[in-house]
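Raw protein.cif, mmCIF, C-alpha atoms and all ligand atoms:
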data_start
loop_
_atom_site.label_atom_id
_atom_site.label_comp_id
_atom_site.auth_asym_id
_atom_site.auth_seq_id
_atom_site.Cartn_x
_atom_site.Cartn_y
_atom_site.Cartn_z
CA MET A 1 -10.41 -0.66 -12.20
CA LYS A 2 -10.02 2.71 -10.50
CA LYS A 3 -7.13 2.92 -8.10
CA LYS A 4 -7.29 4.35 -4.61
CA LEU A 5 -5.21 7.53 -4.40
CA TYR A 6 -2.85 8.62 -1.64
CA PHE A 7 -1.78 12.20 -0.93
CA GLY A 8 0.59 13.01 1.88
CA SER A 9 3.27 15.32 3.13
CA ASN A 10 6.35 14.99 5.24
CA LEU A 11 6.81 18.27 7.13
CA LYS A 12 10.50 17.48 7.77
CA MET A 13 12.01 19.84 10.37
CA TYR A 14 9.58 22.68 9.63
CA LYS A 15 6.60 24.10 11.56
CA ASN A 16 6.37 24.39 15.36
CA ILE A 17 3.41 22.98 17.32
CA ASN A 18 1.06 25.93 16.72
CA GLU A 19 1.90 26.13 13.05
CA THR A 20 1.40 22.40 12.63
CA ILE A 21 -2.02 22.38 14.33
CA THR A 22 -3.23 25.41 12.35
CA TYR A 23 -2.05 23.77 9.13
CA LEU A 24 -3.64 20.41 9.95
CA LYS A 25 -6.99 21.99 10.89
CA GLN A 26 -7.03 24.01 7.68
CA LEU A 27 -6.26 20.94 5.61
CA GLN A 28 -8.84 18.83 7.45
CA ASN A 29 -11.56 21.46 6.80
CA ALA A 30 -10.59 22.02 3.18
CA THR A 31 -10.73 18.31 2.36
CA LEU A 32 -13.83 17.30 4.38
CA ASP A 33 -15.84 16.43 1.28
CA LEU A 34 -13.30 13.99 -0.17
CA ASN A 35 -14.40 10.38 0.18
CA ARG A 36 -11.83 8.61 2.34
CA LEU A 37 -12.66 5.25 0.78
CA GLU A 38 -11.25 6.65 -2.47
CA TYR A 39 -8.56 8.98 -1.13
CA THR A 40 -6.19 8.70 1.81
CA ILE A 41 -4.69 11.96 3.06
CA PHE A 42 -1.81 11.84 5.52
CA ILE A 43 0.61 14.23 7.18
CA ILE A 44 3.87 13.41 8.93
CA PRO A 45 4.81 16.30 11.26
CA SER A 46 7.62 16.79 13.76
CA PHE A 47 7.73 14.56 16.85
CA THR A 48 7.03 17.52 19.13
CA SER A 49 3.76 18.30 17.33
CA LEU A 50 2.41 14.76 17.30
CA HIS A 51 0.84 14.71 20.77
CA GLN A 52 -1.28 17.80 20.22
CA ALA A 53 -2.02 16.81 16.63
CA SER A 54 -3.27 13.40 17.71
CA LYS A 55 -5.75 15.12 20.06
CA ASP A 56 -6.93 17.85 17.69
CA ILE A 57 -7.10 16.00 14.39
CA ASN A 58 -9.54 13.32 13.28
CA GLN A 59 -7.36 10.54 11.94
CA ASP A 60 -10.25 9.13 9.93
CA LEU A 61 -9.75 12.27 7.84
CA ILE A 62 -6.05 13.03 8.09
CA TRP A 63 -3.83 10.11 8.97
CA LEU A 64 -0.87 11.13 11.12
CA GLY A 65 2.58 9.61 11.03
CA ALA A 66 6.05 9.76 12.56
CA GLN A 67 9.16 10.57 10.52
CA ASN A 68 11.29 7.86 12.14
CA MET A 69 11.23 5.16 14.82
CA CYS A 70 13.64 2.93 16.74
CA TRP A 71 13.40 -0.83 16.26
CA ALA A 72 13.50 -1.50 20.01
CA GLU A 73 10.66 -0.96 22.47
CA GLN A 74 12.91 0.43 25.19
CA GLY A 75 16.53 0.52 26.23
CA GLN A 76 19.74 2.44 26.02
CA PHE A 77 18.91 4.33 22.83
CA THR A 78 19.41 7.99 23.68
CA GLY A 79 17.61 10.29 21.30
CA GLU A 80 15.41 7.60 19.79
CA ILE A 81 11.63 7.12 19.82
CA SER A 82 10.11 3.73 20.68
CA PRO A 83 7.23 2.07 18.81
CA LEU A 84 5.36 1.95 22.13
CA MET A 85 5.65 5.73 22.46
CA LEU A 86 4.17 6.17 19.00
CA GLN A 87 1.40 3.67 19.76
CA GLU A 88 0.56 5.75 22.84
CA LEU A 89 -0.31 8.60 20.47
CA GLY A 90 -2.53 6.41 18.34
CA LEU A 91 -0.58 7.17 15.19
CA LYS A 92 -1.37 5.31 12.01
CA ILE A 93 1.84 5.68 10.00
CA VAL A 94 5.58 5.33 10.48
CA GLU A 95 7.79 6.67 7.69
CA LEU A 96 11.19 4.99 7.37
CA GLY A 97 14.25 5.45 5.21
CA HIS A 98 13.58 8.93 3.89
CA SER A 99 16.52 10.09 1.79
CA GLU A 100 17.55 12.54 4.52
CA ARG A 101 17.63 9.70 7.09
CA ARG A 102 19.71 7.57 4.74
CA HIS A 103 22.09 10.23 3.45
CA VAL A 104 22.39 12.83 6.22
CA PHE A 105 22.08 10.44 9.18
CA GLY A 106 23.66 7.35 7.67
CA GLU A 107 20.80 4.85 8.02
CA ASP A 108 21.58 1.80 5.93
CA ASN A 109 19.44 -1.00 4.54
CA GLN A 110 20.18 -3.30 7.48
CA ILE A 111 19.05 -0.72 10.04
CA LEU A 112 15.96 -0.01 7.97
CA GLN A 113 15.13 -3.69 7.73
CA LYS A 114 15.01 -3.86 11.55
CA LYS A 115 12.86 -0.74 11.70
CA VAL A 116 10.43 -1.91 9.01
CA THR A 117 9.99 -5.24 10.80
CA ALA A 118 9.40 -3.52 14.16
CA SER A 119 6.99 -1.00 12.68
CA LEU A 120 4.82 -3.66 11.06
CA GLU A 121 4.94 -5.83 14.17
CA HIS A 122 3.58 -2.88 16.13
CA GLY A 123 0.71 -2.47 13.70
CA PHE A 124 1.75 0.73 11.93
CA THR A 125 1.16 1.38 8.28
CA THR A 126 4.79 1.48 7.25
CA LEU A 127 5.96 3.81 4.53
CA LEU A 128 9.40 2.75 3.32
CA CYS A 129 11.14 5.33 1.12
CA VAL A 130 13.53 4.17 -1.59
CA GLY A 131 15.40 5.92 -4.37
CA GLU A 132 18.70 6.20 -6.17
CA ASN A 133 21.06 9.16 -5.91
CA GLU A 134 22.38 11.20 -8.83
CA GLN A 135 25.60 9.24 -9.22
CA GLU A 136 23.79 5.91 -9.17
CA LYS A 137 21.46 7.24 -11.86
CA GLU A 138 24.46 8.33 -13.97
CA PHE A 139 26.02 4.87 -13.61
CA ASP A 140 22.69 3.42 -14.75
CA ILE A 141 22.35 1.29 -11.63
CA SER A 142 19.08 2.79 -10.35
CA ASN A 143 17.17 -0.46 -10.78
CA GLU A 144 19.84 -2.39 -8.90
CA ILE A 145 19.78 0.14 -6.05
CA LEU A 146 15.99 -0.04 -5.79
CA ARG A 147 16.15 -3.83 -5.82
CA ILE A 148 18.71 -3.87 -2.97
CA GLN A 149 16.77 -1.34 -0.90
CA LEU A 150 13.51 -3.27 -1.31
CA LYS A 151 14.85 -6.80 -0.97
CA THR A 152 16.86 -5.92 2.14
CA GLY A 153 14.39 -3.56 3.79
CA LEU A 154 11.41 -5.87 3.28
CA SER A 155 13.14 -9.20 3.88
CA ASP A 156 11.40 -10.03 7.16
CA ILE A 157 7.82 -9.20 6.31
CA LYS A 158 5.02 -11.67 6.92
CA GLU A 159 2.30 -12.04 4.32
CA GLU A 160 -0.46 -10.88 6.67
CA GLN A 161 1.45 -7.60 7.21
CA LEU A 162 1.44 -6.65 3.52
CA PRO A 163 -1.84 -4.65 3.64
CA LYS A 164 -0.01 -2.19 5.92
CA LEU A 165 2.98 -1.65 3.67
CA TRP A 166 3.38 1.43 1.45
CA ILE A 167 6.41 2.32 -0.64
CA ALA A 168 7.52 5.83 -1.64
CA TYR A 169 9.84 6.18 -4.63
CA GLU A 170 11.82 9.33 -3.99
CA PRO A 171 14.88 9.73 -6.21
CA VAL A 172 17.44 11.62 -4.14
CA TRP A 173 18.26 14.00 -7.03
CA ALA A 174 14.61 15.07 -7.23
CA ILE A 175 14.14 16.05 -3.58
CA GLY A 176 14.23 19.53 -2.06
CA VAL A 177 15.20 23.04 -3.16
CA ASN A 178 18.02 21.82 -5.39
CA GLY A 179 16.07 18.88 -6.77
CA LYS A 180 14.59 18.58 -10.24
CA PRO A 181 11.41 16.54 -10.52
CA ALA A 182 11.52 13.22 -12.32
CA THR A 183 9.55 13.26 -15.54
CA ALA A 184 6.34 11.28 -15.38
CA GLU A 185 7.81 8.87 -17.90
CA TYR A 186 10.93 8.25 -15.79
CA ALA A 187 8.92 7.93 -12.58
CA GLN A 188 6.55 5.43 -14.21
CA LYS A 189 9.49 3.29 -15.36
CA LYS A 190 10.92 3.15 -11.84
CA HIS A 191 7.51 2.49 -10.27
CA SER A 192 7.06 -0.36 -12.71
CA GLU A 193 10.47 -1.74 -11.69
CA ILE A 194 9.48 -1.46 -8.02
CA ARG A 195 6.21 -3.25 -8.80
CA THR A 196 8.16 -6.05 -10.48
CA VAL A 197 10.38 -6.50 -7.41
CA LEU A 198 7.35 -6.48 -5.08
CA GLU A 199 5.67 -9.14 -7.21
CA GLU A 200 8.84 -11.22 -7.18
CA MET A 201 8.85 -11.02 -3.41
CA PHE A 202 5.16 -11.29 -2.60
CA GLY A 203 3.44 -12.70 -5.68
CA ALA A 204 0.03 -11.29 -6.63
CA LYS A 205 -0.17 -9.47 -3.27
CA GLY A 206 2.73 -7.29 -4.44
CA LYS A 207 0.37 -5.72 -6.98
CA GLU A 208 -1.72 -4.25 -4.19
CA ILE A 209 1.03 -2.38 -2.34
CA PRO A 210 0.61 1.37 -2.91
CA ILE A 211 3.65 3.03 -4.50
CA LEU A 212 3.81 6.81 -4.05
CA TYR A 213 6.06 9.20 -5.93
CA GLY A 214 7.94 11.98 -4.12
CA GLY A 215 10.51 14.59 -5.16
CA SER A 216 9.62 18.14 -6.25
CA VAL A 217 5.95 17.33 -6.83
CA ASN A 218 4.14 20.58 -7.61
CA LEU A 219 0.80 21.89 -8.80
CA GLN A 220 1.74 21.33 -12.44
CA ASN A 221 3.44 17.94 -12.51
CA ALA A 222 1.00 16.37 -10.00
CA GLU A 223 -1.61 16.08 -12.76
CA VAL A 224 0.52 13.99 -15.08
CA LEU A 225 2.30 11.96 -12.40
CA ILE A 226 -0.95 10.70 -10.86
CA THR A 227 -2.23 9.34 -14.18
CA GLN A 228 0.72 6.94 -14.57
CA PRO A 229 -0.40 3.34 -14.20
CA ASP A 230 2.00 2.41 -11.38
CA ILE A 231 1.81 5.67 -9.42
CA ASP A 232 -0.77 5.35 -6.63
CA GLY A 233 -0.13 8.58 -4.84
CA LEU A 234 2.00 11.64 -4.29
CA PHE A 235 4.29 12.25 -1.34
CA VAL A 236 4.87 15.98 -1.32
CA GLY A 237 7.27 18.29 0.51
CA ARG A 238 7.39 22.02 -0.18
CA SER A 239 4.27 22.25 -2.34
CA ALA A 240 2.15 20.83 0.48
CA TRP A 241 3.19 23.02 3.37
CA ASN A 242 0.47 25.57 2.76
CA ALA A 243 -2.88 23.87 3.37
CA GLU A 244 -4.73 25.77 0.63
CA GLU A 245 -2.01 25.02 -1.90
CA PHE A 246 -1.96 21.34 -0.99
CA ASN A 247 -5.75 21.14 -1.22
CA HIS A 248 -5.52 22.70 -4.68
CA LEU A 249 -2.83 20.23 -5.73
CA ILE A 250 -4.87 17.26 -4.46
CA ARG A 251 -7.98 18.40 -6.33
CA ASN A 252 -6.08 19.04 -9.57
CA ALA A 253 -4.57 15.57 -9.34
CA ILE A 254 -7.95 13.94 -8.63
CA ASN A 255 -9.58 15.75 -11.57
CA SER A 256 -6.78 14.76 -13.84
CA TYR A 257 -6.93 11.12 -12.73
CA GLN A 258 -10.70 11.00 -13.15
CA LYS A 259 -10.44 12.43 -16.66
CA SER A 260 -7.83 9.84 -17.55
CA CYS A 261 -10.25 7.07 -16.51
CA THR A 262 -13.07 8.14 -18.85
P1 LIG A 301 10.03 18.12 -1.96
O1 LIG A 301 8.62 17.91 -2.51
O2 LIG A 301 10.17 19.40 -1.22
O3 LIG A 301 11.06 17.90 -3.02
O4 LIG A 301 10.25 16.97 -0.85
C1 LIG A 301 9.88 15.66 -1.12
C2 LIG A 301 10.06 14.82 0.07
O5 LIG A 301 11.15 14.70 0.60
C3 LIG A 301 8.88 14.13 0.61
O6 LIG A 301 9.25 13.22 1.60
#
If you took the structure in this file and wrote it as structure tokens, what would it be?
Ligand code: 13P
Amino acid sequence: MKKKLYFGSNLKMYKNINETITYLKQLQNATLDLNRLEYTIFIIPSFTSLHQASKDINQDLIWLGAQNMCWAEQGQFTGEISPLMLQELGLKIVELGHSERRHVFGEDNQILQKKVTASLEHGFTTLLCVGENEQEKEFDISNEILRIQLKTGLSDIKEEQLPKLWIAYEPVWAIGVNGKPATAEYAQKKHSEIRTVLEEMFGAKGKEIPILYGGSVNLQNAEVLITQPDIDGLFVGRSAWNAEEFNHLIRNAINSYQKSCT
């Protein structure tokens, strides 16, 4: 059976409001013809761009998301953003546990578990990012790390919330300017491990949770990554931040996937 494909980008702390809107409009126009029943396209911009983006962009075409969220609805949480504030914008996605949140800002699995629970309870499609760092890979404990991140982060989920859960596998050593992309073979092995853990936790329903790969995805490796059996989508940073380039990457990946199905 053909899988549904997911293509998205986290804009991190790049692009101001005008740049974000221009980018989103370009991407929306360039991808108008792609059937959204087969392909989901999503962008996760800065908080300051979200209000304007939610007015200017058709979220049936480009799903919009937030890069982080507090677990509480309101309170003494200076600097945080409440789920109610994100609901006010009509956002579809909340991304949690990106490597930079975990490693630069010290978010641990317990904090992420509270955030994942709150995000699903507020009806957001929740994209939990997991991945081992370089040292953990060297010690050959990547599978254990993934298992801990998943089993802790997802420990409070109710079965009916599963259709709104997405996972991104983003090995820390593969992300950003100093990262080197995982080979398709390595990424497939880890996605398969993640799939096993999800099935242990959620039975047959675990098979249906989309698992996206992220970390130095580019025009070249997108084609081979997307054809791996347990890779459902690509979560792209730098190679997606020009709308034309991202559109090109998406189309290359789709062509490659379609060829692999024939
Ligand atoms: P790069 O594609 O720039 O390595 O970033 C990946 C990423 O962090 C997506 O969330």
Please tabulate, as a Markdown table, the residues of chain A that come within 10 Å of ligand LIG 301 (chain A), each with its closest pair of atoms and the distance in Å to one decimal, counting only C-alpha atoms and all ligand atoms and ordering rows by chain, then residue number upward.
| residue | atom | partner | partner_atom | distance |
| --- | --- | --- | --- | --- |
| A:Gly8 | CA | A:LIG301 | C3 | 8.5 |
| A:Ser9 | CA | A:LIG301 | C3 | 6.3 |
| A:Asn10 | CA | A:LIG301 | O6 | 5.0 |
| A:Leu11 | CA | A:LIG301 | O6 | 7.9 |
| A:Lys12 | CA | A:LIG301 | O6 | 7.6 |
| A:Ile44 | CA | A:LIG301 | O6 | 9.1 |
| A:Gln67 | CA | A:LIG301 | O6 | 9.3 |
| A:Glu95 | CA | A:LIG301 | O6 | 9.1 |
| A:Gly97 | CA | A:LIG301 | O6 | 9.9 |
| A:His98 | CA | A:LIG301 | O6 | 6.5 |
| A:Ser99 | CA | A:LIG301 | O5 | 7.2 |
| A:Glu100 | CA | A:LIG301 | O5 | 7.8 |
| A:Cys129 | CA | A:LIG301 | O6 | 8.1 |
| A:Ala168 | CA | A:LIG301 | O6 | 8.3 |
| A:Tyr169 | CA | A:LIG301 | O6 | 9.4 |
| A:Glu170 | CA | A:LIG301 | C2 | 7.1 |
| A:Pro171 | CA | A:LIG301 | O5 | 9.2 |
| A:Val172 | CA | A:LIG301 | O5 | 8.5 |
| A:Trp173 | CA | A:LIG301 | O3 | 9.1 |
| A:Ala174 | CA | A:LIG301 | O3 | 6.2 |
| A:Ile175 | CA | A:LIG301 | O3 | 3.6 |
| A:Gly176 | CA | A:LIG301 | O3 | 3.7 |
| A:Val177 | CA | A:LIG301 | O2 | 6.5 |
| A:Asn178 | CA | A:LIG301 | O3 | 8.3 |
| A:Gly179 | CA | A:LIG301 | O3 | 6.3 |
| A:Lys180 | CA | A:LIG301 | O3 | 8.1 |
| A:Pro181 | CA | A:LIG301 | O3 | 7.6 |
| A:Tyr213 | CA | A:LIG301 | C3 | 8.7 |
| A:Gly214 | CA | A:LIG301 | C1 | 5.1 |
| A:Gly215 | CA | A:LIG301 | O3 | 4.0 |
| A:Ser216 | CA | A:LIG301 | O3 | 3.5 |
| A:Val217 | CA | A:LIG301 | O1 | 5.1 |
| A:Asn218 | CA | A:LIG301 | O1 | 7.3 |
| A:Leu234 | CA | A:LIG301 | C3 | 8.8 |
| A:Phe235 | CA | A:LIG301 | C3 | 5.3 |
| A:Val236 | CA | A:LIG301 | O1 | 4.4 |
| A:Gly237 | CA | A:LIG301 | O1 | 3.3 |
| A:Arg238 | CA | A:LIG301 | O2 | 4.0 |
| A:Ser239 | CA | A:LIG301 | O1 | 6.1 |
| A:Ala240 | CA | A:LIG301 | O1 | 7.7 |
| A:Trp241 | CA | A:LIG301 | O2 | 9.1 |
**Who sits within 9 Å of Ser119 of chain A, all atoms listed in the file, same chain under 6 positions skipped, as a ChimeraX atom specification** = /A:69-71,83,93-94,125-126
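Around Leu84 of chain A, within 10 Å and counting all atoms listed in the file, the residues found are A:Met69, A:Cys70, A:Ala72, A:Glu73, A:Gln74, A:Leu89, A:Gly90, A:His122, once anything fewer than 5 positions away on its own chain is removed.
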**Request:** Dump as an NGL selection string all residues having an atom at most 12 Å from (-14.0, 4.1, 1.8), computed in the file's coordinates with all atoms listed in the file.
**Result:** :A and (4-5 or 34-40 or 60-61)
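Of the residues listed (A:Ile62, A:Leu219, A:Leu27, A:Leu150), A:Leu150 shows the shortest atom-to-atom separation from Glu199 of chain A; distances use only C-alpha atoms.
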**Request:** Pull the neighbourhood of (-0.1, 6.9, 23.9) for me: all residues within 12 Å in file coordinates, counting all atoms listed in the file, as a VMD selection string.
**Result:** chain A and resid 50 to 52 54 to 55 82 to 91
Please rebuild segment 246-257 of chain A with all heavy atoms and return the result as a PDB file, in the frame of the given file.
ATOM      1  N   PHE A 246      -1.939  22.819  -0.931  1.00  0.00           N
ATOM      2  CA  PHE A 246      -1.960  21.340  -0.990  1.00  0.00           C
ATOM      3  C   PHE A 246      -3.350  20.849  -1.406  1.00  0.00           C
ATOM      4  O   PHE A 246      -3.491  19.945  -2.232  1.00  0.00           O
ATOM      5  CB  PHE A 246      -1.536  20.757   0.355  1.00  0.00           C
ATOM      6  CG  PHE A 246      -1.260  19.269   0.317  1.00  0.00           C
ATOM      7  CD1 PHE A 246      -0.769  18.654  -0.839  1.00  0.00           C
ATOM      8  CD2 PHE A 246      -1.467  18.473   1.434  1.00  0.00           C
ATOM      9  CE1 PHE A 246      -0.502  17.274  -0.873  1.00  0.00           C
ATOM     10  CE2 PHE A 246      -1.210  17.104   1.402  1.00  0.00           C
ATOM     11  CZ  PHE A 246      -0.732  16.503   0.247  1.00  0.00           C
ATOM     12  N   ASN A 247      -4.376  21.497  -0.848  1.00  0.00           N
ATOM     13  CA  ASN A 247      -5.750  21.140  -1.220  1.00  0.00           C
ATOM     14  C   ASN A 247      -5.952  21.330  -2.730  1.00  0.00           C
ATOM     15  O   ASN A 247      -6.532  20.473  -3.403  1.00  0.00           O
ATOM     16  CB  ASN A 247      -6.710  22.024  -0.417  1.00  0.00           C
ATOM     17  CG  ASN A 247      -8.152  21.783  -0.792  1.00  0.00           C
ATOM     18  OD1 ASN A 247      -8.577  20.641  -0.977  1.00  0.00           O
ATOM     19  ND2 ASN A 247      -8.920  22.859  -0.929  1.00  0.00           N
ATOM     20  N   HIS A 248      -5.430  22.410  -3.253  1.00  0.00           N
ATOM     21  CA  HIS A 248      -5.520  22.700  -4.680  1.00  0.00           C
ATOM     22  C   HIS A 248      -4.805  21.612  -5.493  1.00  0.00           C
ATOM     23  O   HIS A 248      -5.331  21.090  -6.474  1.00  0.00           O
ATOM     24  CB  HIS A 248      -4.868  24.075  -4.903  1.00  0.00           C
ATOM     25  CG  HIS A 248      -5.106  24.675  -6.240  1.00  0.00           C
ATOM     26  ND1 HIS A 248      -4.650  25.910  -6.597  1.00  0.00           N
ATOM     27  CD2 HIS A 248      -5.732  24.205  -7.333  1.00  0.00           C
ATOM     28  CE1 HIS A 248      -4.985  26.156  -7.841  1.00  0.00           C
ATOM     29  NE2 HIS A 248      -5.652  25.151  -8.306  1.00  0.00           N
ATOM     30  N   LEU A 249      -3.618  21.266  -5.041  1.00  0.00           N
ATOM     31  CA  LEU A 249      -2.830  20.230  -5.730  1.00  0.00           C
ATOM     32  C   LEU A 249      -3.587  18.887  -5.731  1.00  0.00           C
ATOM     33  O   LEU A 249      -3.689  18.214  -6.761  1.00  0.00           O
ATOM     34  CB  LEU A 249      -1.476  20.100  -5.032  1.00  0.00           C
ATOM     35  CG  LEU A 249      -0.425  19.167  -5.634  1.00  0.00           C
ATOM     36  CD1 LEU A 249       0.986  19.617  -5.202  1.00  0.00           C
ATOM     37  CD2 LEU A 249      -0.601  17.704  -5.266  1.00  0.00           C
ATOM     38  N   ILE A 250      -4.144  18.540  -4.577  1.00  0.00           N
ATOM     39  CA  ILE A 250      -4.870  17.260  -4.460  1.00  0.00           C
ATOM     40  C   ILE A 250      -6.047  17.249  -5.434  1.00  0.00           C
ATOM     41  O   ILE A 250      -6.273  16.286  -6.171  1.00  0.00           O
ATOM     42  CB  ILE A 250      -5.375  17.060  -3.005  1.00  0.00           C
ATOM     43  CG1 ILE A 250      -4.197  16.830  -2.055  1.00  0.00           C
ATOM     44  CG2 ILE A 250      -6.381  15.908  -2.912  1.00  0.00           C
ATOM     45  CD1 ILE A 250      -4.553  16.852  -0.569  1.00  0.00           C
ATOM     46  N   ARG A 251      -6.780  18.366  -5.466  1.00  0.00           N
ATOM     47  CA  ARG A 251      -7.980  18.400  -6.330  1.00  0.00           C
ATOM     48  C   ARG A 251      -7.601  18.382  -7.818  1.00  0.00           C
ATOM     49  O   ARG A 251      -8.266  17.715  -8.623  1.00  0.00           O
ATOM     50  CB  ARG A 251      -8.851  19.607  -5.981  1.00  0.00           C
ATOM     51  CG  ARG A 251      -9.587  19.326  -4.691  1.00  0.00           C
ATOM     52  CD  ARG A 251     -10.284  20.500  -4.115  1.00  0.00           C
ATOM     53  NE  ARG A 251     -10.606  20.218  -2.725  1.00  0.00           N
ATOM     54  CZ  ARG A 251     -11.681  19.545  -2.318  1.00  0.00           C
ATOM     55  NH1 ARG A 251     -12.568  19.091  -3.173  1.00  0.00           N
ATOM     56  NH2 ARG A 251     -11.885  19.334  -1.018  1.00  0.00           N
ATOM     57  N   ASN A 252      -6.549  19.088  -8.170  1.00  0.00           N
ATOM     58  CA  ASN A 252      -6.080  19.040  -9.570  1.00  0.00           C
ATOM     59  C   ASN A 252      -5.717  17.606  -9.952  1.00  0.00           C
ATOM     60  O   ASN A 252      -6.051  17.134 -11.036  1.00  0.00           O
ATOM     61  CB  ASN A 252      -4.814  19.880  -9.738  1.00  0.00           C
ATOM     62  CG  ASN A 252      -5.135  21.312 -10.048  1.00  0.00           C
ATOM     63  OD1 ASN A 252      -6.270  21.732  -9.891  1.00  0.00           O
ATOM     64  ND2 ASN A 252      -4.147  22.069 -10.492  1.00  0.00           N
ATOM     65  N   ALA A 253      -5.011  16.940  -9.043  1.00  0.00           N
ATOM     66  CA  ALA A 253      -4.570  15.570  -9.340  1.00  0.00           C
ATOM     67  C   ALA A 253      -5.782  14.649  -9.468  1.00  0.00           C
ATOM     68  O   ALA A 253      -5.861  13.828 -10.387  1.00  0.00           O
ATOM     69  CB  ALA A 253      -3.625  15.085  -8.244  1.00  0.00           C
ATOM     70  N   ILE A 254      -6.746  14.797  -8.570  1.00  0.00           N
ATOM     71  CA  ILE A 254      -7.950  13.940  -8.630  1.00  0.00           C
ATOM     72  C   ILE A 254      -8.698  14.168  -9.942  1.00  0.00           C
ATOM     73  O   ILE A 254      -9.089  13.219 -10.628  1.00  0.00           O
ATOM     74  CB  ILE A 254      -8.868  14.208  -7.410  1.00  0.00           C
ATOM     75  CG1 ILE A 254      -8.216  13.665  -6.135  1.00  0.00           C
ATOM     76  CG2 ILE A 254     -10.247  13.586  -7.618  1.00  0.00           C
ATOM     77  CD1 ILE A 254      -8.963  13.989  -4.852  1.00  0.00           C
ATOM     78  N   ASN A 255      -8.874  15.441 -10.303  1.00  0.00           N
ATOM     79  CA  ASN A 255      -9.580  15.750 -11.570  1.00  0.00           C
ATOM     80  C   ASN A 255      -8.868  15.128 -12.745  1.00  0.00           C
ATOM     81  O   ASN A 255      -9.483  14.551 -13.633  1.00  0.00           O
ATOM     82  CB  ASN A 255      -9.666  17.268 -11.792  1.00  0.00           C
ATOM     83  CG  ASN A 255     -10.684  17.881 -10.865  1.00  0.00           C
ATOM     84  OD1 ASN A 255     -11.549  17.171 -10.353  1.00  0.00           O
ATOM     85  ND2 ASN A 255     -10.580  19.192 -10.632  1.00  0.00           N
ATOM     86  N   SER A 256      -7.566  15.282 -12.739  1.00  0.00           N
ATOM     87  CA  SER A 256      -6.780  14.760 -13.840  1.00  0.00           C
ATOM     88  C   SER A 256      -6.891  13.237 -13.897  1.00  0.00           C
ATOM     89  O   SER A 256      -7.067  12.646 -14.977  1.00  0.00           O
ATOM     90  CB  SER A 256      -5.336  15.222 -13.647  1.00  0.00           C
ATOM     91  OG  SER A 256      -4.472  14.449 -14.369  1.00  0.00           O
ATOM     92  N   TYR A 257      -6.826  12.591 -12.752  1.00  0.00           N
ATOM     93  CA  TYR A 257      -6.930  11.120 -12.730  1.00  0.00           C
ATOM     94  C   TYR A 257      -8.314  10.686 -13.218  1.00  0.00           C
ATOM     95  O   TYR A 257      -8.438   9.759 -14.023  1.00  0.00           O
ATOM     96  CB  TYR A 257      -6.663  10.583 -11.314  1.00  0.00           C
ATOM     97  CG  TYR A 257      -6.869   9.094 -11.244  1.00  0.00           C
ATOM     98  CD1 TYR A 257      -6.056   8.247 -11.986  1.00  0.00           C
ATOM     99  CD2 TYR A 257      -7.904   8.536 -10.500  1.00  0.00           C
ATOM    100  CE1 TYR A 257      -6.266   6.863 -11.982  1.00  0.00           C
ATOM    101  CE2 TYR A 257      -8.117   7.167 -10.484  1.00  0.00           C
ATOM    102  CZ  TYR A 257      -7.291   6.336 -11.231  1.00  0.00           C
ATOM    103  OH  TYR A 257      -7.505   4.986 -11.222  1.00  0.00           O
TER     104      TYR A 257
END
